[in-house]
Amino acid sequence: MVWKKITEKNIISSNSGKEFDIDGKKIAVFNQGGYHALDAICVHQDNSIAAGKLDGDIVECPSHFWHYNIKTGELQDYLKGVKLQTYPIEERTDGIYIDLQQ
């Protein structure tokens with residue numbers, strides 16, 4: 001695993017998300033009962049899900065209301081078998097770290 005620090009602690013408010021550009025990839029990180037990381041771009045119209053409304057483990061894309069599970073990346077409606085890539089993420093004493101090398 002190759003861990004990379006992406007932000008300081010307490011930057012992402014509880015029950016919200018933030019988009020990061022990491023090595024050319026757009027990653028959405030959510031702080032919902034712990035940190036969760038997945039590809040930020042909705043498969044519907046290439047808009048970011050990072051600013052979407054959270055309801056438990058489900059984020060709603062703010063553009064056209066598609067719903068993704070932030071833990072699994074799975075699309076919850078419309079199309080079966082559609083999934084955004086998820087990434088290992090952890091909170092450490094000096095910040096939030098992600099591993100993009102899966």
# chains A, B, ... in the order shown; residues from 1 in each chain; ligands from 1

$ residues_around --residues "range 45-59 of chain A" --least-positions-apart "6" --cutoff "7 Å" --atoms "only C-alpha atoms" --output "PyMOL selection string"
chain A and resi 15-19+28+67-71

$ closest_atom_pairs --of "range 26-51 of chain A" --to "range 78-91 of chain A" --cutoff "8 Å" --atoms "only C-alpha atoms" --output "tab-separated table"
residue	atom	partner	partner_atom	distance
A:Tyr35	CA	A:Ile89	CA	6.6
A:His36	CA	A:Ile89	CA	6.4
A:Ala37	CA	A:Tyr87	CA	5.3
A:Leu38	CA	A:Thr86	CA	4.1
A:Asp39	CA	A:Gln85	CA	5.5
A:Cys42	CA	A:Leu84	CA	7.9

$ select_by_dssp --residues "range 34-89 of chain A" --states "strand (DSSP E)" --output "ChimeraX atom specification"
/A:35-39,53-55,58-60,67-69,86-87,89

$ write_last_selection --atoms "C-alpha atoms" --output "PDB file, in the first residue's frame"
ATOM      1  CA  TYR A  35     -13.984   8.610   6.429  1.00  0.00           C
ATOM      2  CA  HIS A  36     -14.918   7.070   3.064  1.00  0.00           C
ATOM      3  CA  ALA A  37     -13.265   7.692  -0.318  1.00  0.00           C
ATOM      4  CA  LEU A  38     -14.518   6.973  -3.829  1.00  0.00           C
ATOM      5  CA  ASP A  39     -14.310   8.351  -7.340  1.00  0.00           C
ATOM      6  CA  LYS A  53     -26.598  15.474   0.296  1.00  0.00           C
ATOM      7  CA  LEU A  54     -25.844  12.567   2.639  1.00  0.00           C
ATOM      8  CA  ASP A  55     -28.528  10.329   4.090  1.00  0.00           C
ATOM      9  CA  ILE A  58     -26.033   7.236   0.652  1.00  0.00           C
ATOM     10  CA  VAL A  59     -24.951  10.368  -1.192  1.00  0.00           C
ATOM     11  CA  GLU A  60     -27.244  12.042  -3.693  1.00  0.00           C
ATOM     12  CA  HIS A  67     -27.672   7.848  -5.363  1.00  0.00           C
ATOM     13  CA  TYR A  68     -24.422   6.094  -4.442  1.00  0.00           C
ATOM     14  CA  ASN A  69     -23.380   4.133  -1.373  1.00  0.00           C
ATOM     15  CA  THR A  86     -13.639   3.025  -3.609  1.00  0.00           C
ATOM     16  CA  TYR A  87     -10.279   3.540  -1.884  1.00  0.00           C
ATOM     17  CA  ILE A  89      -8.678   5.787   3.698  1.00  0.00           C
TER      18      ILE A  89
END

$ atom_distance --atom1 "CA of Lys26 in chain A" --atom2 "CA of Ile41 in chain A"
7.1 Å

$ atom_distance --atom1 "CA of His44 in chain A" --atom2 "CA of Asp21 in chain A"
19.9 Å

$ closest_residue --among "A:Glu74, A:Lys4, A:Ile12, A:Ala40" --to "Cys61 in chain A" --atoms "only C-alpha atoms"
A:Ala40
